[in-house]
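For reference, the structure discussed in these notes is given below.
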2 protein chains.
Amino acid sequence: MSSVVEREIAEQADAIERQLRLGRDATERVAGKIRARTPSSVVIAARGSSDNAGRYAQYLLGVHNRLVVTLATPSVFTLYDAPPLLSDALVIGVSQSGRSPDIVAVLEEGRRQGAQVVAVTSDTESPLAKAADMCLALHAGEELAVAATKTYTTELCALAMLSAAMDASADRWEELGRLPTLVRRAHENTRSLGDGAKRFAESGRFVVLGRGFNYATAFEISLKLKETSYVVAESYSSADFRHGPSAMLEKGFPVVLIAPSGKTHADSVELLALCEQRGAEVVAISDDEAVLSRAALSLAIPPGVPEWLSPFTAIVPGQVFAVSLARARGLDPDKPRGLSKITETR
Amino acid sequence: MSSVVEREIAEQADAIERQLRLGRDATERVAGKIRARTPSSVVIAARGSSDNAGRYAQYLLGVHNRLVVTLATPSVFTLYDAPPLLSDALVIGVSQSGRSPDIVAVLEEGRRQGAQVVAVTSDTESPLAKAADMCLALHAGEELAVAATKTYTTELCALAMLSAAMDASADRWEELGRLPTLVRRAHENTRSLGDGAKRFAESGRFVVLGRGFNYATAFEISLKLKETSYVVAESYSSADFRHGPSAMLEKGFPVVLIAPSGKTHADSVELLALCEQRGAEVVAISDDEAVLSRAALSLAIPPGVPEWLSPFTAIVPGQVFAVSLARARGLDPDKPRGLSKITETR
């Protein structure tokens, strides 16, 4: 009865536990080498879910490590043959398979220019790993579903570990150690939505709102909705949403609102009020009872999660919701139309 | 009969002509100062349409000036109180009004850290201009419509001029000089779509595809569709589209495809074939007759435009299409629901 993707969603706490246990030594070594050179900026190259993990790292390395982080525009490297100057940068390529030629091209160029180059990938023999001079292996185990779930959270974990190691922060390592329990709890809370997704079965379009660390979560939930349910789902930071796109809101419009405790919370509550005013239907992912009680569908995440780690717990109900919506629409969440596990873009 | 936004769309060639004439001296001065210090990277802070102009600059300064360009994540500055280290960066704030507090905050932080800071704004007395140590004034004239059109293309122009001046490239200045004529021609080609938008009047969702320099155009057309027609419109680079979202494509799904001549063209033609295979309805913006003849709605742009300047001509039919779609849906394109001209986000 359970689909492959649902089994992999359920495996995430174990995968994160493995990543923390098996990945720490390599992460400390890589972080030591990076610290020895102090990069002027960070360039992250990735596509799809891995790009969303990169978006998380953009905030994390910005806020905790004070680094300017660019999500690479691979076209600049592969189409225009005019790569930017990278010699003082730290270049990180993130790819589950390690086989996306345009991502590999960014790393090869970084290495050619003498930049520090790190690959984050499941396959340490992949072209991506070979193009890098340092590799962080993902320990998610084999992922069979086309829609990435446990490789996404394991990528988040690898990048969060790298950030903690670059800062040599014992506190953050301690907080990371709590992740498996927290992610397990997030999954227990929301594993069965019952008929919760049914009221959205006819909705062809969604907006997903998140800010700060959970801007990445908004992108990733939006991608899961598209992959499994073929709906149009667009993600915004709440700030950008007010600059134009909020005009879309109308009665019955479905909005997924990621509203964990922390510095973005006041902003989320304001957006919730805007949604209510327009009669939008809110799916709330939050640990705040007051927010959850006002939503059409409330997806509770565990309280007490440090804000920087909330993307690990907030993504879980989003994945479950996407799968439930596919079911409610009569689709097989394991068989996204026209997609294959590995996409090679140039 | 003509709406305010249509009048402003028609004024764009004149606005660009003014920008080139009145803005050149200031641009050369600013570029001279920037060259004297050689920034390690560029951080662009903007929201809404201005962020899309920033996205254009990301490719332009990457491909022509070999700089790594980051689109700033203002939340890192305003919410988390942990700004990244910017002292060797060039920080550019783009805002028509110059009054978005979070954008101003990024520039103030840059200046505090000793970075070079440039404001691109219509109001040289605005908080943004005051937070910067250099200012590039926009000469678009007053814009009344809520949906930005001529300020967007004038921002593109100001940034393209800055790139050419930083390179001291006589060839590029010469090419820029041809812009007013080319933009005027793009508008003449497509100013009246007749009933062209009617077949899409019932479509609530769109995908807009562009790559390279026109990745920005895809974002901007998508924003215009949302602002004026309240549809869900999502923009992708063609590469990202293949990593998941293409699952959405089905019979009758409307896709706006930006397919000008140049290095991204082969890729656009492949996407067109994918759209045809799935029975999607393509709105093509192209100077290639072969592409145009295969589209459900063909929007011809003038041939012979250098690829780096194609975003100036490709956006025009996109703006016209968005307004025509609003009309076809019985909406007033001058009165977007719940939006005001200036959005203040923190």
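FYI, nothing fancy with the structure tokens labels: chains A, B, ... in order, residues from 1 per chain, ligands from 1 as they appear.
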
Test item: residues at most 8 Å from B:Leu325, only C-alpha atoms, excluding those fewer than 5 positions along its chain, as a CSV table (one decimal) with all heavy atoms, in the first residue's frame:
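Output file result39.csv follows:
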```
chain,number,residue,atom,x,y,z
B,197,ALA,N,-4.8,36.9,-27.4
B,197,ALA,CA,-4.7,36.5,-26.0
B,197,ALA,C,-6.0,35.8,-25.6
B,197,ALA,O,-6.1,35.1,-24.5
B,197,ALA,CB,-4.5,37.7,-25.0
B,198,LYS,N,-7.1,35.9,-26.4
B,198,LYS,CA,-8.4,35.4,-26.0
B,198,LYS,C,-8.4,33.9,-25.7
B,198,LYS,O,-9.1,33.4,-24.8
B,198,LYS,CB,-9.4,35.7,-27.1
B,198,LYS,CG,-10.0,37.1,-27.1
B,198,LYS,CD,-11.5,37.1,-27.1
B,198,LYS,CE,-12.1,38.4,-26.8
B,198,LYS,NZ,-12.4,39.2,-28.1
B,200,PHE,N,-6.4,32.2,-24.3
B,200,PHE,CA,-5.8,31.9,-23.0
B,200,PHE,C,-6.6,32.5,-21.8
B,200,PHE,O,-6.2,32.4,-20.7
B,200,PHE,CB,-4.4,32.4,-22.9
B,200,PHE,CG,-3.5,31.8,-24.0
B,200,PHE,CD1,-3.2,32.5,-25.2
B,200,PHE,CD2,-3.0,30.5,-23.8
B,200,PHE,CE1,-2.4,31.9,-26.1
B,200,PHE,CE2,-2.2,30.0,-24.8
B,200,PHE,CZ,-1.9,30.7,-26.0
B,201,ALA,N,-7.8,33.1,-22.2
B,201,ALA,CA,-8.5,33.8,-21.1
B,201,ALA,C,-8.9,33.0,-20.0
B,201,ALA,O,-9.0,33.4,-18.8
B,201,ALA,CB,-9.7,34.5,-21.8
B,225,LEU,N,2.3,38.9,-15.7
B,225,LEU,CA,1.1,38.0,-15.8
B,225,LEU,C,0.4,38.0,-14.5
B,225,LEU,O,-0.9,38.1,-14.4
B,225,LEU,CB,1.4,36.6,-16.3
B,225,LEU,CG,1.8,36.5,-17.8
B,225,LEU,CD1,2.4,35.1,-18.0
B,225,LEU,CD2,0.6,36.8,-18.7
B,229,SER,N,-3.1,39.9,-14.4
B,229,SER,CA,-4.1,38.9,-14.7
B,229,SER,C,-4.4,37.9,-13.6
B,229,SER,O,-5.3,37.0,-13.8
B,229,SER,CB,-3.7,38.1,-16.0
B,229,SER,OG,-3.6,39.0,-17.1
```

Q) Using the chain letters and numbers from this document, which residues of stretch 250-317 of chain B does DSSP assign to strand (DSSP E), as JSON, numbers by chain? A) {"B": [254, 255, 256, 257, 258, 259, 281, 282, 283, 284, 285, 286, 297, 298, 299, 300]}

Deliver the residues from the most recent selection as a file, using N, CA and C atoms, as a PDB file, in the first residue's frame.
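Wrote result37.pdb, looks like this:
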```pdb
ATOM      1  N   PRO B 254      -0.596  26.283 -21.064  1.00  0.00           N
ATOM      2  CA  PRO B 254       0.042  27.413 -21.758  1.00  0.00           C
ATOM      3  C   PRO B 254       1.484  27.658 -21.306  1.00  0.00           C
ATOM      4  N   VAL B 255       2.368  27.741 -22.274  1.00  0.00           N
ATOM      5  CA  VAL B 255       3.794  27.954 -22.015  1.00  0.00           C
ATOM      6  C   VAL B 255       4.266  29.166 -22.819  1.00  0.00           C
ATOM      7  N   VAL B 256       4.823  30.152 -22.143  1.00  0.00           N
ATOM      8  CA  VAL B 256       5.456  31.259 -22.851  1.00  0.00           C
ATOM      9  C   VAL B 256       6.927  30.899 -23.007  1.00  0.00           C
ATOM     10  N   LEU B 257       7.377  30.823 -24.257  1.00  0.00           N
ATOM     11  CA  LEU B 257       8.748  30.394 -24.542  1.00  0.00           C
ATOM     12  C   LEU B 257       9.522  31.562 -25.150  1.00  0.00           C
ATOM     13  N   ILE B 258      10.589  31.957 -24.461  1.00  0.00           N
ATOM     14  CA  ILE B 258      11.416  33.065 -24.951  1.00  0.00           C
ATOM     15  C   ILE B 258      12.575  32.449 -25.723  1.00  0.00           C
ATOM     16  N   ALA B 259      12.560  32.630 -27.031  1.00  0.00           N
ATOM     17  CA  ALA B 259      13.473  31.877 -27.893  1.00  0.00           C
ATOM     18  C   ALA B 259      14.164  32.775 -28.920  1.00  0.00           C
ATOM     19  N   GLU B 281       0.228  24.517 -25.178  1.00  0.00           N
ATOM     20  CA  GLU B 281      -0.030  25.644 -26.100  1.00  0.00           C
ATOM     21  C   GLU B 281       1.076  26.677 -25.914  1.00  0.00           C
ATOM     22  N   VAL B 282       1.849  26.880 -26.959  1.00  0.00           N
ATOM     23  CA  VAL B 282       3.035  27.723 -26.815  1.00  0.00           C
ATOM     24  C   VAL B 282       2.801  29.148 -27.326  1.00  0.00           C
ATOM     25  N   VAL B 283       3.150  30.116 -26.477  1.00  0.00           N
ATOM     26  CA  VAL B 283       3.260  31.511 -26.891  1.00  0.00           C
ATOM     27  C   VAL B 283       4.754  31.734 -27.116  1.00  0.00           C
ATOM     28  N   ALA B 284       5.149  31.920 -28.386  1.00  0.00           N
ATOM     29  CA  ALA B 284       6.588  32.027 -28.676  1.00  0.00           C
ATOM     30  C   ALA B 284       6.994  33.475 -28.889  1.00  0.00           C
ATOM     31  N   ILE B 285       8.063  33.872 -28.205  1.00  0.00           N
ATOM     32  CA  ILE B 285       8.678  35.184 -28.421  1.00  0.00           C
ATOM     33  C   ILE B 285      10.007  34.899 -29.101  1.00  0.00           C
ATOM     34  N   SER B 286      10.097  35.225 -30.387  1.00  0.00           N
ATOM     35  CA  SER B 286      11.284  34.805 -31.131  1.00  0.00           C
ATOM     36  C   SER B 286      11.477  35.651 -32.386  1.00  0.00           C
ATOM     37  N   LEU B 297       0.512  31.059 -30.425  1.00  0.00           N
ATOM     38  CA  LEU B 297       0.513  32.523 -30.568  1.00  0.00           C
ATOM     39  C   LEU B 297       1.963  32.939 -30.783  1.00  0.00           C
ATOM     40  N   SER B 298       2.230  33.604 -31.917  1.00  0.00           N
ATOM     41  CA  SER B 298       3.614  33.968 -32.209  1.00  0.00           C
ATOM     42  C   SER B 298       3.820  35.462 -32.029  1.00  0.00           C
ATOM     43  N   LEU B 299       4.816  35.823 -31.235  1.00  0.00           N
ATOM     44  CA  LEU B 299       5.141  37.215 -30.968  1.00  0.00           C
ATOM     45  C   LEU B 299       6.539  37.474 -31.528  1.00  0.00           C
ATOM     46  N   ALA B 300       6.572  38.140 -32.678  1.00  0.00           N
ATOM     47  CA  ALA B 300       7.842  38.319 -33.382  1.00  0.00           C
ATOM     48  C   ALA B 300       8.629  39.483 -32.811  1.00  0.00           C
TER      49      ALA B 300
END
```

Taking only C-alpha atoms into account, produce a table as a Markdown table in which each residue of chain B with an atom at most 7 Å from an atom of chain A appears once, together with its shortest atom pair and the distance in Å to one decimal, ordered by chain and rising number.
```
| residue | atom | partner | partner_atom | distance |
| --- | --- | --- | --- | --- |
| B:Arg47 | CA | A:Asp240 | CA | 6.3 |
| B:Gly48 | CA | A:His243 | CA | 5.4 |
| B:Tyr59 | CA | A:Val76 | CA | 6.7 |
| B:Gly62 | CA | A:Pro84 | CA | 5.5 |
| B:Val63 | CA | A:Ala82 | CA | 5.1 |
| B:Arg66 | CA | A:Pro84 | CA | 3.9 |
| B:Leu67 | CA | A:Pro84 | CA | 5.0 |
| B:Val68 | CA | A:Pro84 | CA | 5.6 |
| B:Val69 | CA | A:Thr70 | CA | 6.8 |
| B:Thr70 | CA | A:Thr70 | CA | 4.8 |
| B:Ser75 | CA | A:Gly212 | CA | 5.9 |
| B:Val76 | CA | A:Val63 | CA | 6.1 |
| B:Leu79 | CA | A:Lys263 | CA | 6.2 |
| B:Tyr80 | CA | A:Val63 | CA | 6.7 |
| B:Ala82 | CA | A:Val63 | CA | 5.1 |
| B:Pro83 | CA | A:Arg66 | CA | 6.3 |
| B:Pro84 | CA | A:Arg66 | CA | 3.9 |
| B:Leu85 | CA | A:Arg66 | CA | 5.7 |
| B:Arg205 | CA | A:Val232 | CA | 6.7 |
| B:Gly212 | CA | A:Ser75 | CA | 5.9 |
| B:Leu223 | CA | A:Pro245 | CA | 6.8 |
| B:Lys226 | CA | A:Pro245 | CA | 5.7 |
| B:Glu227 | CA | A:Gly244 | CA | 5.5 |
| B:Tyr230 | CA | A:Met248 | CA | 4.2 |
| B:Val231 | CA | A:Met248 | CA | 6.3 |
| B:Val232 | CA | A:Arg205 | CA | 6.7 |
| B:Glu234 | CA | A:Glu234 | CA | 6.3 |
| B:Ala239 | CA | A:Thr345 | CA | 5.8 |
| B:Asp240 | CA | A:Arg47 | CA | 6.2 |
| B:His243 | CA | A:Gly48 | CA | 5.4 |
| B:Gly244 | CA | A:Glu227 | CA | 5.5 |
| B:Pro245 | CA | A:Lys226 | CA | 5.7 |
| B:Ala247 | CA | A:Arg337 | CA | 5.1 |
| B:Met248 | CA | A:Tyr230 | CA | 4.2 |
| B:Lys263 | CA | A:Leu79 | CA | 6.2 |
| B:Pro336 | CA | A:Ala247 | CA | 6.4 |
| B:Arg337 | CA | A:Ala247 | CA | 5.1 |
| B:Gly338 | CA | A:Ala247 | CA | 5.8 |
| B:Leu339 | CA | A:Gly244 | CA | 6.5 |
| B:Thr343 | CA | A:His243 | CA | 6.0 |
| B:Thr345 | CA | A:Ala239 | CA | 5.8 |
```

Any chance you could export the current selection's N, CA and C atoms as a CSV table (one decimal), in the first residue's frame?
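As written to disk, again_18.csv reads:
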```
chain,number,residue,atom,x,y,z
B,47,ARG,N,14.0,44.2,-5.2
B,47,ARG,CA,12.8,43.4,-5.0
B,47,ARG,C,11.9,43.5,-6.3
B,48,GLY,N,11.1,42.6,-6.5
B,48,GLY,CA,10.1,42.7,-7.6
B,48,GLY,C,10.8,42.8,-9.0
B,59,TYR,N,23.8,37.8,-15.1
B,59,TYR,CA,24.4,37.2,-16.3
B,59,TYR,C,25.4,38.1,-17.0
B,62,GLY,N,28.5,38.6,-15.2
B,62,GLY,CA,29.2,37.4,-15.2
B,62,GLY,C,29.9,37.1,-16.6
B,63,VAL,N,29.1,37.2,-17.6
B,63,VAL,CA,29.6,36.9,-19.0
B,63,VAL,C,30.6,37.9,-19.5
B,66,ARG,N,33.1,39.1,-16.1
B,66,ARG,CA,33.8,38.0,-15.4
B,66,ARG,C,33.6,38.1,-13.9
B,67,LEU,N,32.5,38.7,-13.4
B,67,LEU,CA,32.4,38.8,-11.9
B,67,LEU,C,31.3,37.8,-11.4
B,68,VAL,N,31.6,37.3,-10.2
B,68,VAL,CA,30.6,36.5,-9.5
B,68,VAL,C,29.6,37.4,-8.9
B,69,VAL,N,28.3,37.2,-9.3
B,69,VAL,CA,27.3,38.2,-8.8
B,69,VAL,C,26.2,37.4,-8.0
B,70,THR,N,26.0,38.0,-6.8
B,70,THR,CA,25.0,37.4,-5.9
B,70,THR,C,23.8,38.3,-5.9
B,75,SER,N,16.9,39.2,3.9
B,75,SER,CA,16.5,38.7,5.2
B,75,SER,C,17.8,38.5,6.1
B,76,VAL,N,18.8,38.1,5.4
B,76,VAL,CA,20.1,37.8,6.2
B,76,VAL,C,20.5,39.1,6.9
B,79,LEU,N,16.7,40.4,9.2
B,79,LEU,CA,16.1,39.5,10.2
B,79,LEU,C,17.1,38.9,11.1
B,80,TYR,N,18.2,38.5,10.6
B,80,TYR,CA,19.1,37.7,11.4
B,80,TYR,C,20.3,38.4,12.0
B,82,ALA,N,23.0,39.3,11.0
B,82,ALA,CA,24.3,38.7,10.9
B,82,ALA,C,24.8,38.9,9.4
B,83,PRO,N,25.1,40.2,9.1
B,83,PRO,CA,25.4,40.5,7.7
B,83,PRO,C,26.7,39.8,7.2
B,84,PRO,N,26.7,39.3,6.0
B,84,PRO,CA,28.0,38.7,5.5
B,84,PRO,C,29.1,39.8,5.3
B,85,LEU,N,30.3,39.4,5.1
B,85,LEU,CA,31.4,40.3,5.0
B,85,LEU,C,31.5,40.8,3.6
B,205,ARG,N,-3.1,29.2,-15.1
B,205,ARG,CA,-1.7,29.0,-14.8
B,205,ARG,C,-0.9,29.0,-16.1
B,212,GLY,N,19.7,31.9,-19.8
B,212,GLY,CA,20.8,32.8,-20.0
B,212,GLY,C,20.4,34.2,-19.7
B,223,LEU,N,6.0,37.8,-13.7
B,223,LEU,CA,5.5,38.8,-12.7
B,223,LEU,C,4.4,39.7,-13.3
B,226,LYS,N,1.1,37.8,-13.4
B,226,LYS,CA,0.5,37.7,-12.1
B,226,LYS,C,-0.1,39.0,-11.7
B,227,GLU,N,0.6,40.1,-11.9
B,227,GLU,CA,0.2,41.4,-11.4
B,227,GLU,C,-1.1,41.9,-12.2
B,230,TYR,N,-3.7,38.0,-12.5
B,230,TYR,CA,-3.9,37.2,-11.3
B,230,TYR,C,-3.8,35.7,-11.7
B,231,VAL,N,-3.0,35.3,-12.7
B,231,VAL,CA,-2.8,33.9,-12.9
B,231,VAL,C,-1.6,33.5,-12.2
B,232,VAL,N,-1.4,32.2,-12.0
B,232,VAL,CA,-0.2,31.7,-11.4
B,232,VAL,C,0.7,31.5,-12.6
B,234,GLU,N,4.8,30.7,-13.5
B,234,GLU,CA,6.1,30.4,-12.9
B,234,GLU,C,7.1,30.4,-14.0
B,239,ALA,N,16.8,24.6,-18.2
B,239,ALA,CA,17.6,23.5,-17.6
B,239,ALA,C,16.9,23.1,-16.3
B,240,ASP,N,16.5,24.0,-15.5
B,240,ASP,CA,15.8,23.7,-14.2
B,240,ASP,C,14.4,23.1,-14.5
B,243,HIS,N,14.4,19.4,-14.6
B,243,HIS,CA,14.6,18.7,-13.4
B,243,HIS,C,13.3,18.7,-12.5
B,244,GLY,N,12.2,18.3,-13.0
B,244,GLY,CA,11.0,18.1,-12.2
B,244,GLY,C,9.8,18.8,-12.7
B,245,PRO,N,9.8,20.2,-12.8
B,245,PRO,CA,8.6,20.9,-13.1
B,245,PRO,C,8.0,20.5,-14.5
B,247,ALA,N,7.0,17.9,-15.5
B,247,ALA,CA,5.9,17.0,-15.2
B,247,ALA,C,4.5,17.6,-15.4
B,248,MET,N,4.5,18.9,-15.1
B,248,MET,CA,3.2,19.7,-15.2
B,248,MET,C,2.6,19.7,-16.6
B,263,LYS,N,23.0,31.7,-28.2
B,263,LYS,CA,23.5,30.5,-27.7
B,263,LYS,C,22.5,29.6,-27.0
B,336,PRO,N,-4.3,46.6,-10.4
B,336,PRO,CA,-4.0,45.3,-9.8
B,336,PRO,C,-4.6,45.2,-8.4
B,337,ARG,N,-5.2,44.1,-8.1
B,337,ARG,CA,-5.8,43.9,-6.8
B,337,ARG,C,-4.8,43.9,-5.6
B,338,GLY,N,-5.1,44.9,-4.7
B,338,GLY,CA,-4.3,44.8,-3.5
B,338,GLY,C,-2.9,45.2,-3.6
B,339,LEU,N,-2.5,45.9,-4.7
B,339,LEU,CA,-1.1,46.3,-4.8
B,339,LEU,C,-1.0,47.8,-4.8
B,343,THR,N,6.1,49.3,-2.3
B,343,THR,CA,5.9,48.2,-1.3
B,343,THR,C,7.1,48.3,-0.4
B,345,THR,N,9.0,46.6,2.4
B,345,THR,CA,9.3,45.3,3.1
B,345,THR,C,10.5,45.5,4.0
```

Q. Within 7 Å of stretch 307-318 of chain A, counting only C-alpha atoms, which residues qualify if same-chain residues fewer than 5 places away don't, as a PyMOL selection string?
A. chain A and resi 153+182-183+186-187+190+213-214+217+221+261-262+285+299+301

Q.
Applying 10 Å and only C-alpha atoms, which residues near B:Glu11 remain after dropping the ones on its own chain fewer than 6 positions away? List them as a list in words.
A. Val5, Ala140, Gly141, Thr149, Lys150, Val183, Arg184 and His187 of chain B

Write out the residues from the selection above, keeping N, CA and C atoms, as a JSON list (two decimals), in the first residue's frame.
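The resulting selection_8.json:
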```json
[["chain", "number", "residue", "atom", "x", "y", "z"],
["B", 5, "VAL", "N", -0.83, 51.72, -18.36],
["B", 5, "VAL", "CA", 0.29, 50.79, -18.52],
["B", 5, "VAL", "C", 0.64, 50.61, -20.01],
["B", 140, "ALA", "N", 13.56, 57.37, -16.65],
["B", 140, "ALA", "CA", 12.34, 56.84, -17.27],
["B", 140, "ALA", "C", 11.21, 57.85, -17.23],
["B", 141, "GLY", "N", 11.33, 58.88, -16.41],
["B", 141, "GLY", "CA", 10.20, 59.78, -16.19],
["B", 141, "GLY", "C", 9.22, 59.12, -15.24],
["B", 149, "THR", "N", 6.93, 48.90, -16.07],
["B", 149, "THR", "CA", 7.34, 48.53, -17.43],
["B", 149, "THR", "C", 8.56, 49.37, -17.84],
["B", 150, "LYS", "N", 8.33, 50.69, -18.01],
["B", 150, "LYS", "CA", 9.46, 51.49, -18.50],
["B", 150, "LYS", "C", 10.55, 51.66, -17.44],
["B", 183, "VAL", "N", 13.91, 48.55, -29.80],
["B", 183, "VAL", "CA", 12.78, 48.44, -28.86],
["B", 183, "VAL", "C", 11.52, 49.02, -29.51],
["B", 184, "ARG", "N", 11.69, 50.12, -30.26],
["B", 184, "ARG", "CA", 10.54, 50.70, -30.97],
["B", 184, "ARG", "C", 9.97, 49.68, -31.96],
["B", 187, "HIS", "N", 8.02, 46.92, -30.32],
["B", 187, "HIS", "CA", 6.69, 47.36, -29.91],
["B", 187, "HIS", "C", 5.75, 47.45, -31.11]]
```

Q | DSSP alpha helix (DSSP H) residues within stretch 136-234 of chain A, as a PyMOL selection string | A | chain A and resi 150-167+170-177+179-190+215-229

Q) Interatomic distance between atom CA of A:Leu193 and atom CA of A:Ala296? A)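 Straight-line distance from atom CA of A:Leu193 to atom CA of A:Ala296 works out to 12.6 Å.
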
Q) From the set A:Glu109, A:Pro306, A:Glu6, A:Asp195, which residue has the shortest atom-to-atom contact distance to A:Asp171, counting only C-alpha atoms? A) A:Pro306

Do a neighbour search on A:Ala45 at 7 Å with only C-alpha atoms, toss out local chain neighbours closer than 6 positions, and write the hits as an mmCIF file with C-alpha atoms, in the first residue's frame.
```
data_model
loop_
_atom_site.group_PDB
_atom_site.id
_atom_site.type_symbol
_atom_site.label_atom_id
_atom_site.label_comp_id
_atom_site.auth_asym_id
_atom_site.auth_seq_id
_atom_site.Cartn_x
_atom_site.Cartn_y
_atom_site.Cartn_z
ATOM 1 C CA LEU A 71 23.836 30.131 -6.396
ATOM 2 C CA ALA A 72 25.744 29.581 -9.622
ATOM 3 C CA ILE A 92 30.501 23.635 -3.874
ATOM 4 C CA GLY A 93 28.706 21.286 -6.268
ATOM 5 C CA VAL A 94 25.658 19.445 -4.898
ATOM 6 C CA ILE A 103 27.242 21.191 -12.517
ATOM 7 C CA VAL A 106 31.260 24.612 -12.897
#
```
